[in-house]
file protein.cif (mmCIF, C-alpha atoms)
data_final
#
loop_
_atom_site.label_atom_id
_atom_site.label_comp_id
_atom_site.auth_asym_id
_atom_site.auth_seq_id
_atom_site.Cartn_x
_atom_site.Cartn_y
_atom_site.Cartn_z
CA MET A 1 108.69 94.31 107.61
CA SER A 2 107.76 92.20 110.62
CA ARG A 3 110.51 90.78 112.79
CA GLU A 4 109.13 87.28 112.17
CA LEU A 5 109.39 87.73 108.41
CA GLN A 6 112.91 89.10 108.72
CA HIS A 7 113.78 85.88 110.54
CA PHE A 8 112.65 83.85 107.53
CA VAL A 9 113.84 85.96 104.64
CA GLY A 10 116.66 88.03 106.07
CA PRO A 11 117.11 91.80 106.00
CA VAL A 12 116.53 93.97 102.97
CA ARG A 13 119.63 94.61 100.85
CA GLU A 14 122.07 97.15 102.14
CA PRO A 15 123.31 99.85 99.76
CA SER A 16 126.45 99.08 97.80
CA ASN A 17 127.81 102.63 97.92
CA GLY A 18 130.20 102.27 100.79
CA GLY A 19 127.63 101.63 103.48
CA ARG A 20 125.79 104.92 103.03
CA PRO A 21 122.13 104.53 103.97
CA GLY A 22 119.55 105.29 101.36
CA TRP A 23 117.13 104.14 98.79
CA SER A 24 116.84 105.05 95.16
CA ASN A 25 114.16 107.43 94.05
CA SER A 26 111.55 105.86 91.83
CA ILE A 27 111.70 108.93 89.63
CA VAL A 28 114.40 108.02 87.15
CA GLY A 29 112.48 109.92 84.59
CA ALA A 30 109.33 107.86 85.00
CA ARG A 31 107.08 107.96 87.96
CA SER A 32 105.91 104.41 88.55
CA SER A 33 102.31 105.06 89.39
CA THR A 34 99.80 102.26 89.04
CA GLN A 35 97.18 104.72 87.86
CA ALA A 36 99.21 106.94 85.53
CA ASP A 37 98.40 105.29 82.21
CA SER A 38 96.93 107.93 79.91
CA GLY A 39 93.76 106.86 78.18
CA SER A 40 92.97 103.83 80.33
CA SER A 41 89.47 103.44 81.65
CA GLU A 42 90.49 102.63 85.21
CA ASP A 43 92.10 106.06 85.40
CA GLU A 44 88.71 107.58 84.77
CA ALA A 45 87.18 105.33 87.40
CA ALA A 46 89.86 106.28 89.90
CA SER A 47 89.45 109.99 89.21
CA GLU A 48 85.69 109.67 89.58
CA ALA A 49 86.25 107.87 92.87
CA ARG A 50 88.35 110.74 94.16
CA SER A 51 85.92 113.40 93.02
CA THR A 52 82.78 111.82 94.46
CA THR A 53 81.08 114.15 96.92
CA SER A 54 79.23 112.88 99.92
CA ASP A 55 77.17 113.86 102.91
CA CYS A 56 80.13 113.03 105.14
CA PRO A 57 81.87 116.13 106.62
CA SER A 58 84.90 117.30 104.69
CA LEU A 59 88.42 116.79 105.97
CA LEU A 60 90.07 119.55 107.96
CA SER A 61 92.25 121.71 105.77
CA THR A 62 95.17 121.51 108.19
CA THR A 63 97.75 118.80 107.50
CA GLY A 64 100.68 117.44 109.43
CA GLU A 65 103.00 119.90 107.70
CA ASP A 66 100.77 122.85 108.62
CA ASN A 67 101.13 121.99 112.29
CA LEU A 68 104.91 121.83 112.37
CA GLY A 69 105.29 125.53 113.05
CA GLY A 70 102.26 126.09 115.28
CA ASP A 71 102.23 126.63 119.02
CA ALA A 72 101.88 123.60 121.27
CA VAL A 73 98.46 124.71 122.50
CA ASP A 74 97.18 125.29 118.99
CA GLU A 75 98.54 121.92 117.87
CA GLN A 76 96.77 120.14 120.71
CA GLY A 77 93.50 121.86 119.89
CA GLN A 78 93.84 121.09 116.19
CA GLN A 79 94.66 117.46 116.98
CA GLU A 80 91.52 117.13 119.10
CA ASP A 81 89.38 118.68 116.37
CA PHE A 82 91.03 116.44 113.81
CA GLU A 83 90.29 113.28 115.82
CA GLU A 84 86.67 114.37 116.28
CA LYS A 85 86.36 114.55 112.51
CA LEU A 86 87.98 111.14 112.20
CA LYS A 87 85.43 109.68 114.61
CA GLU A 88 82.68 111.01 112.36
CA TYR A 89 84.32 109.38 109.34
CA VAL A 90 84.57 106.04 111.14
CA ASP A 91 80.87 106.26 112.07
CA CYS A 92 80.01 107.10 108.45
CA LEU A 93 81.59 103.82 107.28
CA THR A 94 78.46 101.97 108.39
CA ASP A 95 76.00 104.45 106.89
CA LYS A 96 73.27 103.11 104.61
CA SER A 97 74.21 105.52 101.83
CA ALA A 98 76.99 104.25 99.56
CA LYS A 99 77.83 107.86 98.71
CA THR A 100 78.40 108.69 102.37
CA ARG A 101 80.53 105.58 102.91
CA GLN A 102 82.68 106.47 99.90
CA GLY A 103 83.17 110.02 101.17
CA ALA A 104 84.17 108.72 104.61
CA LEU A 105 86.68 106.30 103.08
CA GLU A 106 88.22 109.05 100.95
CA ASN A 107 88.52 111.39 103.94
CA LEU A 108 90.11 108.62 105.99
CA ARG A 109 92.56 107.97 103.17
CA LEU A 110 93.59 111.63 103.12
CA ALA A 111 93.92 111.73 106.90
CA LEU A 112 96.02 108.58 107.14
CA ALA A 113 98.33 109.77 104.37
CA SER A 114 98.92 113.17 105.95
CA ARG A 115 99.27 112.34 109.66
CA LEU A 116 100.42 109.68 112.09
CA LEU A 117 97.51 108.43 114.23
CA PRO A 118 98.74 105.25 115.96
CA ASP A 119 96.88 105.68 119.26
CA PHE A 120 93.61 106.64 117.58
CA LEU A 121 93.82 103.65 115.23
CA LEU A 122 94.84 101.13 117.88
CA GLU A 123 91.73 101.97 119.89
CA ARG A 124 89.53 101.43 116.84
CA SER A 125 91.39 98.73 114.93
CA PHE A 126 88.61 96.16 115.36
CA THR A 127 85.90 98.64 114.33
CA LEU A 128 87.87 99.70 111.26
CA ALA A 129 88.65 96.13 110.25
CA ASP A 130 84.97 95.18 110.51
CA ALA A 131 83.87 98.23 108.49
CA LEU A 132 86.48 97.66 105.76
CA GLU A 133 85.48 94.00 105.53
CA LYS A 134 81.87 94.99 104.87
CA CYS A 135 82.94 97.58 102.29
CA LEU A 136 85.04 95.02 100.45
CA LYS A 137 82.35 92.33 100.62
CA LYS A 138 79.18 94.28 99.88
CA GLY A 139 80.43 97.45 98.21
CA LYS A 140 80.77 98.08 94.50
CA GLY A 141 83.76 99.24 92.47
CA ASP A 142 84.48 102.70 93.91
CA GLU A 143 83.77 101.67 97.48
CA GLN A 144 85.94 98.56 97.21
CA ALA A 145 88.77 100.58 95.68
CA ARG A 146 88.71 103.14 98.49
CA ALA A 147 88.44 100.48 101.19
CA ALA A 148 91.53 98.74 99.77
CA ALA A 149 93.45 102.04 99.69
CA VAL A 150 92.54 102.72 103.33
CA LEU A 151 93.62 99.21 104.28
CA GLY A 152 97.07 99.75 102.78
CA LEU A 153 97.46 102.98 104.75
CA LEU A 154 96.29 101.30 107.95
CA CYS A 155 99.07 98.75 107.56
CA VAL A 156 101.59 101.60 107.14
CA GLN A 157 100.22 103.30 110.26
CA LEU A 158 100.03 100.19 112.48
CA GLY A 159 103.31 98.71 111.25
CA PRO A 160 104.52 95.14 111.71
CA GLY A 161 103.19 94.73 115.25
CA PRO A 162 100.45 92.34 116.39
CA LYS A 163 97.62 94.71 115.42
CA GLY A 164 99.00 95.23 111.93
CA GLU A 165 99.50 91.50 111.40
CA GLU A 166 96.02 90.72 112.68
CA LEU A 167 94.44 93.35 110.41
CA PHE A 168 96.24 92.11 107.31
CA ARG A 169 95.63 88.43 108.02
CA SER A 170 91.89 89.03 108.53
CA LEU A 171 91.43 91.00 105.30
CA GLN A 172 93.97 89.25 103.05
CA PRO A 173 91.44 86.63 101.79
CA LEU A 174 89.04 89.41 100.78
CA LEU A 175 91.76 91.27 98.88
CA VAL A 176 92.69 88.09 97.05
CA SER A 177 89.04 87.36 96.31
CA VAL A 178 88.36 90.77 94.75
CA LEU A 179 91.68 90.76 92.88
CA SER A 180 90.99 87.34 91.37
CA ASP A 181 87.39 88.17 90.43
CA THR A 182 87.40 88.97 86.70
CA THR A 183 83.90 90.44 86.98
CA ALA A 184 84.93 93.00 89.60
CA SER A 185 85.70 96.63 88.74
CA PRO A 186 89.23 97.12 87.32
CA ALA A 187 89.73 100.06 89.71
CA ALA A 188 88.79 97.88 92.69
CA ARG A 189 91.12 95.10 91.56
CA LEU A 190 93.91 97.62 90.98
CA HIS A 191 93.72 99.00 94.54
CA CYS A 192 93.40 95.49 95.99
CA ALA A 193 96.60 94.47 94.20
CA SER A 194 98.47 97.48 95.63
CA ALA A 195 97.06 96.92 99.13
CA LEU A 196 97.91 93.22 99.01
CA GLY A 197 101.53 93.93 98.09
CA LEU A 198 102.03 96.75 100.59
CA GLY A 199 100.18 94.99 103.41
CA CYS A 200 102.20 91.82 102.92
CA TYR A 201 105.46 93.79 102.78
CA VAL A 202 104.70 95.56 106.05
CA ALA A 203 102.69 93.08 108.10
CA ALA A 204 103.12 89.53 106.76
CA ALA A 205 103.52 87.15 109.70
CA ASP A 206 105.53 84.39 108.00
CA VAL A 207 107.07 83.34 104.71
CA GLN A 208 104.01 81.35 103.64
CA ASP A 209 101.94 84.54 103.54
CA LEU A 210 104.61 86.10 101.36
CA VAL A 211 104.69 83.18 98.93
CA SER A 212 100.90 83.04 98.63
CA CYS A 213 100.71 86.78 97.88
CA LEU A 214 103.49 86.49 95.30
CA THR A 215 101.63 83.62 93.60
CA CYS A 216 98.35 85.53 93.52
CA LEU A 217 99.89 88.71 92.06
CA GLU A 218 101.97 86.76 89.56
CA GLY A 219 98.86 85.01 88.32
CA VAL A 220 97.23 88.36 87.47
CA PHE A 221 99.90 89.75 85.14
CA SER A 222 101.30 86.43 83.88
CA ARG A 223 98.12 85.67 81.98
CA SER A 224 98.75 88.76 79.86
CA CYS A 225 102.27 87.62 78.97
CA GLY A 226 101.11 84.67 76.88
CA ALA A 227 103.32 81.98 78.36
CA GLY A 228 105.24 80.26 75.62
CA GLY A 229 103.95 82.57 72.88
CA PRO A 230 106.09 84.66 70.54
CA ALA A 231 104.49 87.93 71.66
CA ALA A 232 102.32 89.31 74.41
CA PRO A 233 98.61 88.90 73.64
CA ALA A 234 96.43 91.95 73.17
CA VAL A 235 95.20 93.27 76.52
CA PRO A 236 92.16 95.56 76.83
CA ALA A 237 93.17 99.12 77.65
CA GLY A 238 90.92 99.01 80.71
CA LEU A 239 93.16 96.36 82.29
CA HIS A 240 96.52 98.05 81.75
CA GLY A 241 96.42 99.79 85.13
CA LEU A 242 95.50 96.55 86.90
CA LEU A 243 98.38 94.64 85.29
CA CYS A 244 100.77 97.45 86.18
CA ALA A 245 99.61 97.51 89.81
CA ALA A 246 99.91 93.72 90.13
CA LEU A 247 103.38 93.74 88.56
CA GLN A 248 104.64 96.53 90.82
CA ALA A 249 103.18 94.91 93.96
CA TRP A 250 104.81 91.61 92.94
CA ALA A 251 108.15 93.40 92.41
CA LEU A 252 107.83 95.01 95.85
CA LEU A 253 107.53 91.59 97.48
CA LEU A 254 110.53 90.31 95.51
CA THR A 255 112.69 92.69 97.56
CA ILE A 256 112.03 90.56 100.68
CA CYS A 257 111.68 87.20 98.93
CA PRO A 258 113.94 84.32 100.10
CA SER A 259 116.83 83.59 97.76
CA THR A 260 115.58 80.01 97.29
CA HIS A 261 112.48 81.38 95.54
CA ILE A 262 114.30 84.02 93.50
CA SER A 263 116.15 81.47 91.32
CA HIS A 264 112.88 79.81 90.26
CA ILE A 265 111.25 83.16 89.57
CA LEU A 266 114.15 84.26 87.37
CA ASP A 267 113.89 81.24 85.08
CA ARG A 268 110.13 81.57 84.82
CA GLN A 269 109.50 85.30 84.59
CA LEU A 270 112.40 86.99 82.79
CA PRO A 271 111.33 85.72 79.33
CA GLN A 272 107.68 86.59 80.01
CA LEU A 273 108.41 90.09 81.26
CA THR A 274 110.34 90.78 78.06
CA LEU A 275 107.07 90.33 76.16
CA LEU A 276 105.46 93.15 78.16
CA LEU A 277 108.01 95.58 76.71
CA SER A 278 105.87 95.60 73.55
CA SER A 279 102.68 96.53 75.43
CA ASP A 280 100.52 99.40 74.15
CA SER A 281 100.64 101.00 77.62
CA VAL A 282 103.65 103.20 78.33
CA THR A 283 103.20 102.73 82.09
CA LEU A 284 103.09 98.95 81.77
CA ARG A 285 106.18 98.99 79.54
CA MET A 286 108.09 101.06 82.10
CA ALA A 287 106.93 98.85 84.99
CA ALA A 288 108.12 95.78 83.08
CA GLY A 289 111.49 97.40 82.35
CA GLU A 290 112.04 98.40 85.99
CA THR A 291 111.06 94.90 87.14
CA ILE A 292 113.52 93.35 84.69
CA ALA A 293 116.27 95.56 86.14
CA LEU A 294 115.22 94.48 89.65
CA LEU A 295 115.39 90.79 88.67
CA PHE A 296 118.87 91.32 87.21
CA GLU A 297 119.93 92.97 90.47
CA LEU A 298 118.57 90.09 92.56
CA ALA A 299 120.18 87.56 90.19
CA GLN A 300 123.57 89.25 90.54
CA ASP A 301 123.22 89.07 94.32
CA LEU A 302 122.77 85.31 94.01
CA GLU A 303 125.38 84.80 91.30
CA GLU A 304 127.93 87.53 90.66
CA ASP A 305 128.64 86.44 87.08
CA PHE A 306 124.96 85.94 86.18
CA VAL A 307 124.38 85.88 82.40
CA TYR A 308 120.96 85.92 80.78
CA GLU A 309 120.68 83.53 77.83
CA ASP A 310 118.78 85.88 75.51
CA MET A 311 120.76 88.96 76.52
CA GLU A 312 121.21 90.31 72.99
CA THR A 313 117.48 90.32 72.21
CA LEU A 314 116.67 91.93 75.56
CA CYS A 315 119.25 94.70 75.16
CA GLU A 316 118.01 95.42 71.64
CA ALA A 317 114.44 95.81 72.92
CA LEU A 318 115.60 98.07 75.75
CA ARG A 319 117.73 100.16 73.38
CA THR A 320 114.78 100.66 71.04
CA LEU A 321 112.59 101.92 73.89
CA ALA A 322 115.39 104.13 75.21
CA THR A 323 115.59 105.93 71.85
CA ASP A 324 111.91 105.79 70.85
CA SER A 325 110.83 108.92 68.95
CA ASN A 326 107.53 107.81 67.45
CA LYS A 327 105.36 110.87 66.96
CA PHE A 328 102.12 109.03 67.65
CA ARG A 329 103.08 108.81 71.32
CA ALA A 330 102.54 111.76 73.64
CA LYS A 331 105.65 113.89 74.11
CA ALA A 332 105.58 113.49 77.90
CA ASP A 333 105.20 109.70 77.55
CA ARG A 334 108.17 109.53 75.18
CA ARG A 335 110.30 111.55 77.59
CA ARG A 336 109.38 109.36 80.57
CA GLN A 337 109.92 106.17 78.63
CA ARG A 338 113.32 107.16 77.25
CA SER A 339 114.55 108.26 80.67
CA THR A 340 113.41 105.04 82.33
CA PHE A 341 114.82 102.68 79.72
CA ARG A 342 118.13 104.51 79.51
CA ALA A 343 118.57 103.77 83.22
CA VAL A 344 117.41 100.16 82.80
CA LEU A 345 119.72 99.56 79.82
CA HIS A 346 122.65 101.17 81.65
CA PHE A 347 122.16 98.77 84.55
CA VAL A 348 121.55 95.62 82.50
CA GLU A 349 124.65 96.23 80.38
CA GLY A 350 126.99 97.73 82.97
CA GLY A 351 125.56 96.75 86.35
CA GLU A 352 125.49 100.33 87.65
CA CYS A 353 122.35 101.88 89.13
CA GLU A 354 121.98 105.64 89.04
CA GLU A 355 121.87 107.18 92.50
CA GLU A 356 119.35 109.84 93.34
CA THR A 357 118.69 111.83 96.48
CA VAL A 358 115.44 112.71 98.20
CA ARG A 359 115.54 115.73 100.50
CA PHE A 360 112.96 116.11 103.26
CA GLY A 361 113.21 118.52 106.14
CA LEU A 362 116.82 118.64 107.30
CA GLU A 363 117.57 115.10 106.10
CA VAL A 364 118.60 113.45 102.85
CA LEU A 365 117.62 109.99 101.63
CA TYR A 366 120.00 108.30 99.16
CA VAL A 367 118.44 105.83 96.74
CA ASP A 368 120.93 103.70 94.85
CA SER A 369 119.45 100.31 93.92
CA TRP A 370 116.45 98.99 92.02
CA ALA A 371 115.14 97.16 95.08
CA ARG A 372 115.13 100.32 97.14
CA ARG A 373 113.68 102.27 94.25
CA ARG A 374 110.69 99.93 94.11
CA VAL A 375 110.06 100.21 97.85
CA TYR A 376 110.33 104.00 97.77
CA ALA A 377 107.90 104.14 94.82
CA ALA A 378 105.39 101.91 96.61
CA PHE A 379 105.25 104.19 99.65
CA LYS A 380 105.20 107.28 97.45
CA ASP A 381 102.19 105.96 95.53
CA VAL A 382 100.17 105.29 98.68
CA LEU A 383 101.24 108.33 100.74
CA GLY A 384 101.43 110.92 97.96
CA SER A 385 102.25 114.38 99.30
CA GLY A 386 102.40 112.98 102.85
CA LEU A 387 105.52 110.93 102.10
CA HIS A 388 107.99 113.50 103.45
CA TYR A 389 105.99 113.86 106.66
CA HIS A 390 106.05 110.08 107.17
CA LEU A 391 109.76 109.88 106.35
CA GLN A 392 110.35 112.38 109.13
CA ASN A 393 108.01 110.88 111.74
CA ASN A 394 106.99 107.30 110.88
CA GLU A 395 109.27 104.81 112.65
CA LEU A 396 108.35 102.07 110.18
CA LEU A 397 109.57 104.04 107.16
CA ARG A 398 112.65 105.27 108.99
CA ASP A 399 113.52 101.69 109.88
CA ILE A 400 112.96 100.46 106.32
CA PHE A 401 115.08 103.21 104.79
CA GLY A 402 117.75 103.13 107.50
CA LEU A 403 117.19 106.71 108.67
CA GLY A 404 117.58 106.02 112.37
CA PRO A 405 115.38 107.35 115.21
CA VAL A 406 113.01 110.23 114.64
CA LEU A 407 114.80 113.55 114.98
CA VAL A 408 113.52 115.69 117.85
CA LEU A 409 113.77 119.32 116.80
CA ASP A 410 112.80 122.45 118.69
CA PRO A 411 110.04 124.26 116.72
CA ALA A 412 111.26 127.64 117.96
CA ALA A 413 114.78 126.93 116.68
CA LEU A 414 113.36 125.82 113.33
CA ARG A 415 111.38 129.03 112.99
CA ALA A 416 114.49 131.06 113.84
CA CYS A 417 116.49 129.29 111.12
CA LYS A 418 113.76 129.65 108.53
CA ALA A 419 113.97 132.73 106.35
CA SER A 420 110.97 135.03 106.30
CA ARG A 421 108.97 135.66 103.15
CA PHE A 422 110.45 139.17 102.86
CA GLU A 423 114.01 137.83 103.14
CA LYS A 424 113.27 135.26 100.43
CA HIS A 425 111.88 138.05 98.23
CA LEU A 426 115.04 140.13 98.67
CA TYR A 427 117.27 137.17 97.90
CA ASN A 428 115.31 136.27 94.76
CA ALA A 429 115.33 139.90 93.58
CA ALA A 430 119.11 140.14 94.04
CA ALA A 431 119.66 136.84 92.23
CA PHE A 432 117.42 137.96 89.37
CA LYS A 433 119.31 141.25 89.02
CA ALA A 434 122.70 139.52 88.99
CA ARG A 435 121.50 136.97 86.45
CA THR A 436 120.11 139.70 84.18
CA LYS A 437 123.40 141.63 84.27
CA ALA A 438 125.41 138.53 83.44
CA ARG A 439 123.20 137.65 80.50
CA SER A 440 123.14 141.25 79.22
CA ARG A 441 126.94 141.32 78.99
CA VAL A 442 126.95 138.14 76.94
CA ARG A 443 124.15 139.33 74.65
CA ASP A 444 125.73 142.72 74.07
CA LYS A 445 126.75 142.99 70.39
CA ARG A 446 129.96 144.66 71.47
CA ALA A 447 131.00 141.61 73.53
CA ASP A 448 133.93 139.62 72.17
CA VAL A 449 132.78 136.54 70.32
CA LEU A 450 135.28 133.72 70.54
#
call {"tool": "encode", "arguments": {"input": "protein.cif", "output": "structure tokens"}}
result
Amino acid sequence: MSRELQHFVGPVREPSNGGRPGWSNSIVGARSSTQADSGSSEDEAASEARSTTSDCPSLLSTTGEDNLGGDAVDEQGQQEDFEEKLKEYVDCLTDKSAKTRQGALENLRLALASRLLPDFLLERSFTLADALEKCLKKGKGDEQARAAAVLGLLCVQLGPGPKGEELFRSLQPLLVSVLSDTTASPAARLHCASALGLGCYVAAADVQDLVSCLTCLEGVFSRSCGAGGPAAPAVPAGLHGLLCAALQAWALLLTICPSTHISHILDRQLPQLTLLLSSDSVTLRMAAGETIALLFELAQDLEEDFVYEDMETLCEALRTLATDSNKFRAKADRRRQRSTFRAVLHFVEGGECEEETVRFGLEVLYVDSWARRRVYAAFKDVLGSGLHYHLQNNELLRDIFGLGPVLVLDPAALRACKASRFEKHLYNAAAFKARTKARSRVRDKRADVL
């Protein structure tokens, strides 16, 4: 979050567990992914976007984690080779072939998620902004979706400094335009919603930018709630992912929203979000439930004895979803849904949020509130497998999650502490033998049965 925005809206909530730093893991049994809705058409579009091949050179197989144990000379050589590839990708963004541009965008997305490249990006921020603008303006669905994903990662890389603010401010109107265009590809709108929320969270210059983004995102999912109606209107399956992405991006911005705006949002949105609990999409139902828990948390911060008027109806709906055993739903979906809504119901009724821990490297991240859970999930969705690397090395994420300065560790000492593959094999073999003996004694027919 930019320093200017912190001046307007204040710092993000501190944990209520005795001052211990940490944020709650978004995996309370349900991974809040904006593209994880089984059967939705935008999933197919997104998967096709990822699998598209191109004439652009493929990304180097080495990642940031692969380099942690290498020699300094090797790392420097790999970094130079890596940046040469990145230069080719940037050049490919202006290629005449849409297939080549899409391949370059995908390779850039993978590179930005797996490594920190601040110097490389600062030197080419104008070139990248111009190329992404053209991709968003003139490209079609897949290209727009990838350009939006790259934009979100650029904001994470550049952070809340002047370059990050300038990049987001220049491309924000385009994101809003594509997101609001009902004729645009659902996959493109989905990624624009996520990029708009993440970019605003990281690089918004003032509170007006925050409010305008909140209004835009709210307008996307509110239309599906059927304001004033007894039930949520039927929504095409192809739009479920878009609504989920808009709702989650909106919830992310609520975590830095001024308290003066929160009270109005509570009165307006709590009844509407309850209608989304009856959606046909399991992912949208879970996103609505987590957002309801977040709104309750924010309301309790404003008013300790906050009471929702229709509390009985809400708790009954949450309890039904927490114990849902309908066989027509996929087993994995039922498990995720029950786990999520058990946590939501536990918080709404008792005010206690389950704490979870995230271990990365030699550090541990504690996640113990719904606000922090939403922020962690947003970065996890955009960074994927590169999240742990960024938690270790990205100053922006370490500042957001209260992890302190980047730890400087001696690679040689790390290698000395790390067990070899042979030592791990011996340990696992010994553990297996001990476990087998213990179980054999219990299974022996001659063992005493109490």
call {"tool": "residues_around", "arguments": {"input": "protein.cif", "residues": "Leu86 of chain A", "least_positions_apart": "2", "cutoff": "12 Å", "atoms": "all atoms listed in the file", "output": "PyMOL selection string"}}
result
chain A and resi 56-60+79-84+88-93+104-112+115+117+120-121+124+128
call {"tool": "residues_around", "arguments": {"input": "protein.cif", "residues": "Pro186 of chain A", "least_positions_apart": "2", "cutoff": "7 Å", "atoms": "all atoms listed in the file", "output": "count of residues only"}}
result
7
call {"tool": "resolve_selection", "arguments": {"input": "protein.cif", "expression": "the PyMOL selection byres ((chain A and resi 350-364) around 8)", "output": "count of residues only"}}
result
17
call {"tool": "residues_near_point", "arguments": {"input": "protein.cif", "point": "(97.4, 84.7, 93.0)", "cutoff": "10 Å", "atoms": "all atoms listed in the file", "output": "JSON, numbers by chain"}}
result
{"A": [176, 177, 179, 180, 193, 211, 212, 213, 214, 215, 216, 217, 218, 219, 220, 221, 246]}
call {"tool": "atom_distance", "arguments": {"input": "protein.cif", "atom1": "atom CA of Gly164 of chain A", "atom2": "atom CA of Gly402 of chain A"}}
result
20.8 Å
call {"tool": "closest_residue", "arguments": {"input": "protein.cif", "among": "A:Arg319, A:Gln269, A:Arg374, A:Ala113", "to": "Gly197 of chain A", "atoms": "all atoms listed in the file"}}
result
A:Arg374
call {"tool": "atom_distance", "arguments": {"input": "protein.cif", "atom1": "atom CA of Gln157 of chain A", "atom2": "atom CA of Leu116 of chain A"}}
result
6.6 Å
call {"tool": "atom_distance", "arguments": {"input": "protein.cif", "atom1": "atom CA of Glu304 of chain A", "atom2": "atom CA of Pro271 of chain A"}}
result
20.2 Å
call {"tool": "resolve_selection", "arguments": {"input": "protein.cif", "expression": "the PyMOL selection byres ((chain A and resi 282-293) around 8)", "output": "JSON list (two decimals) with C-alpha atoms, in the coordinates of the input"}}
result
[["chain", "number", "residue", "atom", "x", "y", "z"],
["A", 30, "ALA", "CA", 109.33, 107.86, 85.00],
["A", 32, "SER", "CA", 105.91, 104.41, 88.55],
["A", 33, "SER", "CA", 102.31, 105.06, 89.39],
["A", 34, "THR", "CA", 99.80, 102.26, 89.04],
["A", 36, "ALA", "CA", 99.21, 106.94, 85.53],
["A", 37, "ASP", "CA", 98.40, 105.29, 82.21],
["A", 240, "HIS", "CA", 96.52, 98.05, 81.75],
["A", 241, "GLY", "CA", 96.42, 99.79, 85.13],
["A", 243, "LEU", "CA", 98.38, 94.64, 85.29],
["A", 244, "CYS", "CA", 100.77, 97.45, 86.18],
["A", 247, "LEU", "CA", 103.38, 93.74, 88.56],
["A", 248, "GLN", "CA", 104.64, 96.53, 90.82],
["A", 251, "ALA", "CA", 108.15, 93.40, 92.41],
["A", 270, "LEU", "CA", 112.40, 86.99, 82.79],
["A", 273, "LEU", "CA", 108.41, 90.09, 81.26],
["A", 274, "THR", "CA", 110.34, 90.78, 78.06],
["A", 276, "LEU", "CA", 105.46, 93.15, 78.16],
["A", 277, "LEU", "CA", 108.01, 95.58, 76.71],
["A", 278, "SER", "CA", 105.87, 95.60, 73.55],
["A", 279, "SER", "CA", 102.68, 96.53, 75.43],
["A", 280, "ASP", "CA", 100.52, 99.40, 74.15],
["A", 281, "SER", "CA", 100.64, 101.00, 77.62],
["A", 294, "LEU", "CA", 115.22, 94.48, 89.65],
["A", 295, "LEU", "CA", 115.39, 90.79, 88.67],
["A", 296, "PHE", "CA", 118.87, 91.32, 87.21],
["A", 297, "GLU", "CA", 119.93, 92.97, 90.47],
["A", 318, "LEU", "CA", 115.60, 98.07, 75.75],
["A", 333, "ASP", "CA", 105.20, 109.70, 77.55],
["A", 337, "GLN", "CA", 109.92, 106.17, 78.63],
["A", 340, "THR", "CA", 113.41, 105.04, 82.33],
["A", 341, "PHE", "CA", 114.82, 102.68, 79.72],
["A", 344, "VAL", "CA", 117.41, 100.16, 82.80],
["A", 347, "PHE", "CA", 122.16, 98.77, 84.55],
["A", 348, "VAL", "CA", 121.55, 95.62, 82.50],
["A", 370, "TRP", "CA", 116.45, 98.99, 92.02]]
call {"tool": "axis_aligned_box", "arguments": {"input": "protein.cif", "around": "segment 282-289 of chain A", "padding_each_side": "8 Å", "output": "lines of an AutoDock Vina configuration file"}}
result
center_x = 107.3
center_y = 99.5
center_z = 81.7
size_x = 24.4
size_y = 23.4
size_z = 22.7
call {"tool": "closest_residue", "arguments": {"input": "protein.cif", "among": "A:Ala205, A:Lys437, A:Lys137, A:Ser125", "to": "Leu167 of chain A", "atoms": "all atoms listed in the file"}}
result
A:Ser125
